[in-house]
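Asker: Contents of model.csv (CSV, C-alpha atoms and all ligand atoms) are given next:
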```csv
chain,number,residue,atom,x,y,z
A,1,MET,CA,-9.0,10.3,14.5
A,2,ILE,CA,-8.5,13.7,13.1
A,3,LEU,CA,-7.1,12.3,9.9
A,4,LEU,CA,-10.0,9.9,9.5
A,5,ASN,CA,-12.4,12.8,10.1
A,6,CYS,CA,-10.6,14.6,7.3
A,7,ALA,CA,-10.9,11.5,5.2
A,8,LEU,CA,-14.6,11.4,6.0
A,9,PHE,CA,-14.9,15.0,5.1
A,10,VAL,CA,-13.0,14.7,1.9
A,11,PHE,CA,-15.0,11.6,1.1
A,12,GLY,CA,-18.2,13.6,1.7
A,13,CYS,CA,-17.0,16.4,-0.6
A,14,LEU,CA,-15.9,14.0,-3.3
A,15,LEU,CA,-19.2,12.3,-3.2
A,16,SER,CA,-21.3,15.4,-3.3
A,17,SER,CA,-19.2,16.8,-6.1
A,18,THR,CA,-19.7,13.7,-8.2
A,19,VAL,CA,-23.4,13.9,-7.4
A,20,ALA,CA,-23.3,17.6,-8.6
A,21,GLN,CA,-21.4,16.8,-11.8
A,22,LYS,CA,-23.2,13.7,-12.8
A,23,LYS,CA,-26.8,14.1,-13.5
A,24,PHE,CA,-28.8,13.0,-10.5
A,25,LYS,CA,-30.3,9.6,-11.3
A,26,SER,CA,-33.3,8.6,-9.2
A,27,LYS,CA,-33.7,4.9,-8.5
A,28,HIS,CA,-36.4,2.7,-7.3
A,29,LEU,CA,-36.0,0.8,-4.0
A,30,PRO,CA,-34.4,-2.5,-4.9
A,31,ASN,CA,-36.5,-5.6,-4.4
A,32,TYR,CA,-34.4,-6.8,-1.4
A,33,ILE,CA,-35.4,-3.7,0.7
A,34,SER,CA,-39.0,-3.6,1.7
A,35,PRO,CA,-40.5,-0.2,2.5
A,36,CYS,CA,-42.3,0.5,5.7
A,37,ARG,CA,-45.9,1.8,6.0
A,38,LEU,CA,-46.2,5.1,7.8
A,39,SER,CA,-49.2,3.7,9.6
A,40,SER,CA,-47.2,0.7,11.0
A,41,ASP,CA,-44.9,0.6,14.1
A,42,LEU,CA,-42.0,2.1,12.2
A,43,SER,CA,-39.2,0.9,14.6
A,44,ASP,CA,-40.6,-2.6,14.6
A,45,CYS,CA,-40.9,-2.6,10.8
A,46,ILE,CA,-37.4,-1.2,10.1
A,47,VAL,CA,-35.8,-3.7,12.5
A,48,LYS,CA,-37.8,-6.6,10.9
A,49,HIS,CA,-37.0,-5.6,7.4
A,50,ALA,CA,-33.3,-5.1,8.2
A,51,VAL,CA,-33.1,-8.8,9.1
A,52,ALA,CA,-34.2,-9.7,5.6
A,53,SER,CA,-32.2,-6.9,3.8
A,54,ILE,CA,-28.8,-7.0,5.5
A,55,PRO,CA,-27.7,-10.3,3.9
A,56,HIS,CA,-28.5,-8.8,0.4
A,57,ILE,CA,-27.2,-5.3,1.1
A,58,SER,CA,-23.9,-6.7,2.4
A,59,LYS,CA,-23.3,-8.6,-0.9
A,60,GLY,CA,-22.8,-5.2,-2.5
A,61,ASP,CA,-24.8,-3.8,-5.4
A,62,PRO,CA,-23.0,-2.2,-8.3
A,63,GLU,CA,-26.3,-0.6,-9.5
A,64,PHE,CA,-26.3,1.4,-6.3
A,65,GLY,CA,-22.6,1.7,-5.8
A,66,SER,CA,-22.8,-0.1,-2.5
A,67,PRO,CA,-19.7,-2.1,-1.6
A,68,SER,CA,-19.5,-5.7,-0.5
A,69,LEU,CA,-19.2,-6.1,3.2
A,70,ASN,CA,-17.9,-9.7,3.3
A,71,PRO,CA,-15.2,-8.6,3.6
A,72,TRP,CA,-15.3,-4.8,3.2
A,73,VAL,CA,-12.0,-4.0,1.4
A,74,LEU,CA,-10.2,-0.7,1.9
A,75,GLU,CA,-7.0,-0.2,-0.1
A,76,LYS,CA,-5.8,2.4,2.3
A,77,LEU,CA,-7.0,3.5,5.7
A,78,GLU,CA,-5.1,6.1,7.7
A,79,LEU,CA,-6.0,6.4,11.4
A,80,ASN,CA,-4.8,8.9,13.9
A,81,PRO,CA,-6.2,7.5,17.1
A,82,SER,CA,-4.4,10.1,19.2
A,83,SER,CA,-1.9,12.9,18.7
A,84,GLN,CA,0.7,10.3,19.8
A,85,LEU,CA,-0.2,7.6,17.3
A,86,LYS,CA,-0.5,7.2,13.6
A,87,ILE,CA,-1.4,3.9,11.8
A,88,LEU,CA,-1.6,3.3,8.1
A,89,PHE,CA,-3.4,0.2,7.1
A,90,THR,CA,-3.0,-1.0,3.5
A,91,ASN,CA,-4.9,-3.8,1.7
A,92,CYS,CA,-7.3,-3.8,4.6
A,93,GLU,CA,-10.1,-6.4,4.8
A,94,ILE,CA,-12.8,-6.0,7.4
A,95,TYR,CA,-14.9,-9.1,8.2
A,96,GLY,CA,-18.1,-9.4,10.2
A,97,LEU,CA,-20.1,-6.4,9.2
A,98,ASN,CA,-22.4,-8.6,7.0
A,99,ARG,CA,-23.5,-10.2,10.3
A,100,ALA,CA,-24.6,-6.8,11.8
A,101,ILE,CA,-27.9,-7.0,13.6
A,102,LEU,CA,-30.1,-3.9,13.8
A,103,LYS,CA,-31.3,-3.8,17.4
A,104,ASP,CA,-33.3,-0.6,17.3
A,105,ALA,CA,-34.3,2.1,14.9
A,106,LYS,CA,-36.1,5.4,15.4
A,107,ILE,CA,-37.0,7.9,12.8
A,108,ASP,CA,-38.2,11.4,13.7
A,109,PHE,CA,-39.7,13.0,10.6
A,110,ASP,CA,-40.0,16.4,12.2
A,111,LYS,CA,-36.4,16.6,13.4
A,112,LYS,CA,-35.3,14.7,10.2
A,113,ARG,CA,-33.2,12.3,12.2
A,114,VAL,CA,-32.7,8.6,12.2
A,115,ASP,CA,-31.2,6.8,15.2
A,116,ILE,CA,-30.2,3.1,14.9
A,117,VAL,CA,-28.5,0.7,17.3
A,118,VAL,CA,-26.4,-1.9,15.6
A,119,TYR,CA,-24.9,-5.0,17.3
A,120,VAL,CA,-22.0,-6.9,15.7
A,121,GLU,CA,-20.7,-9.9,17.5
A,122,GLN,CA,-17.3,-9.9,16.0
A,123,ILE,CA,-15.4,-7.6,13.6
A,124,LYS,CA,-12.0,-8.8,12.3
A,125,LEU,CA,-9.5,-6.6,10.5
A,126,GLU,CA,-6.8,-8.2,8.5
A,127,SER,CA,-4.3,-5.9,6.9
A,128,HIS,CA,-0.8,-4.7,6.4
A,129,TYR,CA,0.0,-1.9,8.9
A,130,ASN,CA,2.6,0.7,9.4
A,131,MET,CA,2.5,2.4,12.8
A,132,ASP,CA,4.6,4.8,14.7
A,133,GLY,CA,3.9,6.5,18.0
A,134,GLN,CA,2.7,5.6,21.5
A,135,ILE,CA,0.0,3.4,22.8
A,136,LEU,CA,-0.9,3.1,26.5
A,137,VAL,CA,2.1,5.4,27.0
A,138,LEU,CA,4.4,2.7,25.5
A,139,PRO,CA,6.4,3.5,22.4
A,140,ILE,CA,5.2,1.4,19.4
A,141,LYS,CA,6.6,1.1,15.9
A,142,GLY,CA,6.2,-1.5,13.3
A,143,ASP,CA,5.5,-2.5,9.8
A,144,GLY,CA,4.0,-5.9,8.9
A,145,LYS,CA,0.8,-7.9,9.1
A,146,THR,CA,-1.9,-7.4,11.6
A,147,ASN,CA,-5.0,-9.1,12.8
A,148,LEU,CA,-7.3,-7.2,15.1
A,149,GLU,CA,-10.5,-8.5,16.5
A,150,PHE,CA,-13.3,-6.6,18.2
A,151,GLY,CA,-16.1,-8.5,19.9
A,152,ASP,CA,-19.5,-7.8,21.4
A,153,CYS,CA,-19.7,-4.3,19.7
A,154,THR,CA,-22.7,-2.0,19.9
A,155,PHE,CA,-22.8,1.1,17.8
A,156,ASN,CA,-25.3,3.9,18.2
A,157,TYR,CA,-25.4,5.5,14.8
A,158,SER,CA,-27.5,8.5,13.9
A,159,VAL,CA,-27.9,10.6,10.8
A,160,ASP,CA,-29.5,14.0,10.5
A,161,TYR,CA,-30.8,14.7,6.9
A,162,ASP,CA,-32.4,17.4,4.9
A,163,LEU,CA,-35.3,16.8,2.5
A,164,ILE,CA,-35.0,18.4,-0.9
A,165,THR,CA,-37.4,18.4,-3.8
A,166,ARG,CA,-35.7,17.5,-7.1
A,167,LYS,CA,-36.7,18.2,-10.7
A,168,ASP,CA,-39.1,15.3,-10.8
A,169,GLY,CA,-41.1,16.9,-8.1
A,170,LYS,CA,-40.3,14.2,-5.6
A,171,GLN,CA,-38.6,14.6,-2.2
A,172,TYR,CA,-35.2,13.0,-1.5
A,173,ALA,CA,-33.0,12.9,1.6
A,174,ALA,CA,-29.8,14.9,1.2
A,175,ASN,CA,-26.9,16.3,3.1
A,176,ILE,CA,-26.7,13.5,5.6
A,177,ARG,CA,-24.8,14.2,8.7
A,178,PRO,CA,-23.7,11.0,10.6
A,179,ASP,CA,-22.7,10.6,14.2
A,180,ILE,CA,-21.6,7.5,16.0
A,181,SER,CA,-20.9,6.3,19.6
A,182,PHE,CA,-19.9,2.8,20.5
A,183,LYS,CA,-19.3,0.2,23.2
A,184,ILE,CA,-16.8,-2.5,22.4
A,185,ASN,CA,-16.5,-5.2,25.1
A,186,LYS,CA,-13.8,-7.5,23.7
A,187,ALA,CA,-10.7,-7.0,21.7
A,188,HIS,CA,-7.7,-9.0,20.6
A,189,PHE,CA,-4.6,-7.4,19.0
A,190,ASN,CA,-1.8,-9.0,17.0
A,191,PHE,CA,0.8,-6.8,15.3
A,192,GLU,CA,3.5,-8.8,13.6
A,193,ASN,CA,7.0,-7.5,13.1
A,194,LEU,CA,7.0,-4.7,15.7
A,195,PHE,CA,10.3,-3.0,16.3
A,196,ASN,CA,11.9,-4.4,13.1
A,197,GLY,CA,11.1,-7.9,14.2
A,198,ASN,CA,12.5,-7.7,17.7
A,199,LYS,CA,10.3,-10.6,19.0
A,200,GLN,CA,10.7,-9.9,22.7
A,201,LEU,CA,9.6,-6.3,22.4
A,202,GLY,CA,6.9,-7.1,20.0
A,203,ASP,CA,5.4,-9.9,22.0
A,204,ASN,CA,5.5,-7.7,25.1
A,205,ILE,CA,3.5,-4.9,23.4
A,206,ASN,CA,0.9,-7.4,22.1
A,207,LYS,CA,0.6,-8.8,25.6
A,208,VAL,CA,0.2,-5.4,27.2
A,209,LEU,CA,-2.6,-4.6,24.7
A,210,ASN,CA,-4.3,-8.0,25.2
A,211,ASP,CA,-4.0,-7.9,29.0
A,212,ASN,CA,-5.6,-4.4,29.0
A,213,PRO,CA,-8.2,-4.6,26.3
A,214,GLN,CA,-10.5,-1.8,27.7
A,215,ASP,CA,-7.6,0.6,27.9
A,216,ALA,CA,-6.6,-0.3,24.3
A,217,ILE,CA,-10.2,0.1,23.2
A,218,ASN,CA,-10.4,3.5,24.8
A,219,GLU,CA,-7.4,4.6,22.7
A,220,LEU,CA,-8.1,2.9,19.5
A,221,GLY,CA,-11.9,2.6,19.6
A,222,PRO,CA,-12.9,6.1,18.6
A,223,ALA,CA,-10.8,5.9,15.4
A,224,PHE,CA,-12.0,2.4,14.8
A,225,SER,CA,-15.7,3.4,15.3
A,226,ASN,CA,-15.2,6.1,12.6
A,227,VAL,CA,-14.4,3.3,10.2
A,228,ILE,CA,-17.7,1.7,11.1
A,229,ASN,CA,-19.3,5.1,10.7
A,230,LEU,CA,-17.8,5.3,7.2
A,231,ALA,CA,-19.2,1.8,6.3
A,232,ALA,CA,-22.7,2.7,7.6
A,233,THR,CA,-22.6,6.1,5.8
A,234,THR,CA,-21.5,4.6,2.5
A,235,ILE,CA,-24.3,2.1,2.6
A,236,ILE,CA,-26.9,4.7,3.7
A,237,ARG,CA,-25.9,7.2,1.1
A,238,ALA,CA,-26.1,4.5,-1.6
A,239,TYR,CA,-29.8,4.0,-1.0
A,240,LEU,CA,-31.2,6.8,1.0
A,241,LEU,CA,-30.1,9.7,-1.3
A,242,VAL,CA,-31.3,8.2,-4.6
A,243,VAL,CA,-34.6,6.6,-3.8
A,244,PRO,CA,-37.6,9.0,-3.5
A,245,PHE,CA,-38.5,9.4,0.2
A,246,ASP,CA,-42.1,8.3,-0.4
A,247,GLU,CA,-40.8,5.0,-1.7
A,248,LEU,CA,-39.0,4.3,1.6
A,249,PHE,CA,-41.9,5.2,3.8
A,250,VAL,CA,-45.2,4.6,2.1
A,251,HIS,CA,-48.7,5.7,2.8
B,1,LIG,C1,-27.0,3.8,22.8
B,1,LIG,O1,-28.3,4.3,23.0
B,1,LIG,C2,-29.0,3.7,24.1
B,1,LIG,C3,-30.4,4.2,24.1
B,1,LIG,O2,-31.0,4.1,22.9
B,1,LIG,C4,-28.2,4.0,25.4
B,1,LIG,O3,-28.9,3.3,26.4
B,1,LIG,C5,-26.8,3.5,25.3
B,1,LIG,O4,-26.1,3.9,26.4
B,1,LIG,C6,-26.1,4.1,24.0
B,1,LIG,N1,-24.8,3.5,23.9
B,1,LIG,C7,-23.8,4.1,23.4
B,1,LIG,C8,-22.6,3.3,23.3
B,1,LIG,O5,-23.8,5.3,23.1
```
Translate the structure of the given file into structure tokens.
Ligand SMILES: *[C@@H]1O[C@H](CO)[C@@H](O)[C@H](O)[C@H]1NC(C)=O

Answerer:
Amino acid sequence: MILLNCALFVFGCLLSSTVAQKKFKSKHLPNYISPCRLSSDLSDCIVKHAVASIPHISKGDPEFGSPSLNPWVLEKLELNPSSQLKILFTNCEIYGLNRAILKDAKIDFDKKRVDIVVYVEQIKLESHYNMDGQILVLPIKGDGKTNLEFGDCTFNYSVDYDLITRKDGKQYAANIRPDISFKINKAHFNFENLFNGNKQLGDNINKVLNDNPQDAINELGPAFSNVINLAATTIIRAYLLVVPFDELFVH
């Protein structure tokens, strides 16, 4: 978790330094995202427009630098779910985010804050893993393939933002600060080749995890939800920071 937070932090810095070095390039809202009128019921409008936009957004858009989410591919993902456990995922593919459903959205223009509730029925992670440490007070160590599934997931994702006026005289969102909380109701774990391929020990650990999914979610969930935070923040940055604010919310 701490490592991932560092990763998020470094990621943020890398991103802002690229933005600072490269000349800022304003973009118009792409045609697959419809703006909302300030006079409308904004929550309702954002939720409705998300239904239409998410299938397009999740294909990825090189013009905006937004990644494909079907699957979302991460070459390397280092998680530190607790001080006792370290997991390195490589060639990691995350499936299911393209079927995310926006359940609720609130925007507070005074507080400069957006709160959204996202539901995902199933998220699957397929990856190589290397892990060492303890989980549910059991020692765990392995290196091999893994399939993880999380089901019936609700994420409360929020961002605080600043509004800045750029050289073109228009206002843009900037310095977004994300936060996430989650509820995951189902999980299934399969780590292959635990303990150098000792099948009995390996099967036993997978069974303990799968027989106690909520305990496993409590240990792994926060680190995992930060991965979802990273996905959401990557997408939001791609659009929110480069499109003038008055194109997102129109009079
Ligand atoms: C998400 O927010 C709703 C209210 O908008 C709240 O009822 C729910 O408990 C929150 N869930 C989590 C996982 O934080």

Asker: If we count all atoms listed in the file and set the cut-off at 10 Å, which residues sit around A:Ile46, ignoring sequence neighbours fewer than 5 positions away in its own chain? Please answer as a list in words.

Answerer: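 Counting all atoms listed in the file, the residues come to Ile33, Ser34, Pro35, Cys36, Arg37, Asp41, Val51, Ser53, Leu102, Lys103, Asp104, Ala105, Lys106, Ile107 and Ile116 of chain A.
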
Asker: Selected residues, C-alpha atoms, written as an mmCIF file, in the frame of the given file, please.

Answerer:
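So out05.cif came out as:
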```
data_model
loop_
_atom_site.group_PDB
_atom_site.id
_atom_site.type_symbol
_atom_site.label_atom_id
_atom_site.label_comp_id
_atom_site.auth_asym_id
_atom_site.auth_seq_id
_atom_site.Cartn_x
_atom_site.Cartn_y
_atom_site.Cartn_z
ATOM 1 C CA ILE A 33 -35.400 -3.700 0.700
ATOM 2 C CA SER A 34 -39.000 -3.600 1.700
ATOM 3 C CA PRO A 35 -40.500 -0.200 2.500
ATOM 4 C CA CYS A 36 -42.300 0.500 5.700
ATOM 5 C CA ARG A 37 -45.900 1.800 6.000
ATOM 6 C CA ASP A 41 -44.900 0.600 14.100
ATOM 7 C CA VAL A 51 -33.100 -8.800 9.100
ATOM 8 C CA SER A 53 -32.200 -6.900 3.800
ATOM 9 C CA LEU A 102 -30.100 -3.900 13.800
ATOM 10 C CA LYS A 103 -31.300 -3.800 17.400
ATOM 11 C CA ASP A 104 -33.300 -0.600 17.300
ATOM 12 C CA ALA A 105 -34.300 2.100 14.900
ATOM 13 C CA LYS A 106 -36.100 5.400 15.400
ATOM 14 C CA ILE A 107 -37.000 7.900 12.800
ATOM 15 C CA ILE A 116 -30.200 3.100 14.900
#
```

Asker: What residues have an atom no more than 12 Å from (5.7, -8.5, 20.7) in the file's own frame, counting only C-alpha atoms, and can you write them as a PDB file with C-alpha atoms, in the frame of the given file?

Answerer:
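Result saved to out-v1.pdb:
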```pdb
ATOM      1  CA  ILE A 140       5.200   1.400  19.400  1.00  0.00           C
ATOM      2  CA  LYS A 141       6.600   1.100  15.900  1.00  0.00           C
ATOM      3  CA  GLY A 142       6.200  -1.500  13.300  1.00  0.00           C
ATOM      4  CA  THR A 146      -1.900  -7.400  11.600  1.00  0.00           C
ATOM      5  CA  PHE A 189      -4.600  -7.400  19.000  1.00  0.00           C
ATOM      6  CA  ASN A 190      -1.800  -9.000  17.000  1.00  0.00           C
ATOM      7  CA  PHE A 191       0.800  -6.800  15.300  1.00  0.00           C
ATOM      8  CA  GLU A 192       3.500  -8.800  13.600  1.00  0.00           C
ATOM      9  CA  ASN A 193       7.000  -7.500  13.100  1.00  0.00           C
ATOM     10  CA  LEU A 194       7.000  -4.700  15.700  1.00  0.00           C
ATOM     11  CA  PHE A 195      10.300  -3.000  16.300  1.00  0.00           C
ATOM     12  CA  ASN A 196      11.900  -4.400  13.100  1.00  0.00           C
ATOM     13  CA  GLY A 197      11.100  -7.900  14.200  1.00  0.00           C
ATOM     14  CA  ASN A 198      12.500  -7.700  17.700  1.00  0.00           C
ATOM     15  CA  LYS A 199      10.300 -10.600  19.000  1.00  0.00           C
ATOM     16  CA  GLN A 200      10.700  -9.900  22.700  1.00  0.00           C
ATOM     17  CA  LEU A 201       9.600  -6.300  22.400  1.00  0.00           C
ATOM     18  CA  GLY A 202       6.900  -7.100  20.000  1.00  0.00           C
ATOM     19  CA  ASP A 203       5.400  -9.900  22.000  1.00  0.00           C
ATOM     20  CA  ASN A 204       5.500  -7.700  25.100  1.00  0.00           C
ATOM     21  CA  ILE A 205       3.500  -4.900  23.400  1.00  0.00           C
ATOM     22  CA  ASN A 206       0.900  -7.400  22.100  1.00  0.00           C
ATOM     23  CA  LYS A 207       0.600  -8.800  25.600  1.00  0.00           C
ATOM     24  CA  VAL A 208       0.200  -5.400  27.200  1.00  0.00           C
ATOM     25  CA  LEU A 209      -2.600  -4.600  24.700  1.00  0.00           C
ATOM     26  CA  ASN A 210      -4.300  -8.000  25.200  1.00  0.00           C
TER      27      ASN A 210
END
```

Asker: Kindly work out which residues sit at most 9 Å from ligand LIG 1 (chain B), using only C-alpha atoms and all ligand atoms, and give the list as a list in words.

Answerer: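 With only C-alpha atoms and all ligand atoms and a cut-off of 9 Å, ligand LIG 1 (chain B) is contacted by Asp104, Ala105, Asp115, Ile116, Val117, Cys153, Thr154, Phe155, Asn156, Tyr157, Ile180, Ser181, Phe182, Lys183 and Ile184 of chain A.
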
Asker: Can you work out the spacing between atom CA of A:Asn218 and atom CA of A:Glu126 in Å, to one decimal?

Answerer: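 Atom-to-atom, atom CA of A:Asn218 and atom CA of A:Glu126 are spaced 20.4 Å apart.
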
Asker: How far is it from atom CA of A:Ser39 to atom CA of A:Lys112, in Å with one decimal?

Answerer: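 Separation between atom CA of A:Ser39 and atom CA of A:Lys112: 17.7 Å.
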
Asker: List as a list in words the protein and nucleic acid residues near stretch 63-71 of chain A, meaning an atom at most 8 Å away when all atoms listed in the file are counted, but skip any in the same chain fewer than 4 places from it.

Answerer: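 Once the nearby chain positions are removed, what remains is Ile57, Ser58, Lys59, Glu93, Ile94, Tyr95, Gly96, Leu97, Asn98, Thr234, Ile235, Ala238 and Tyr239 of chain A.
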
Asker: Report the distance between atom CA of A:Leu88 and atom CA of A:Asp143 in Å, rounded to one decimal place.

Answerer: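 Distance between the two atoms: 9.3 Å.
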
Asker: List every protein, DNA or RNA residue that has an atom no more than 9 Å from (-7.7, 4.9, 20.4) in the file's coordinate frame, counting only C-alpha atoms, and report them as a PyMOL selection string.

Answerer: chain A and resi 1+80-82+85+135+215-224

Asker: Between A:Ile176, A:His28, A:Pro213, A:Leu42, which is the closest to A:Pro244 once you count only C-alpha atoms?

Answerer: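 Distance minimum relative to A:Pro244 lands on A:His28.
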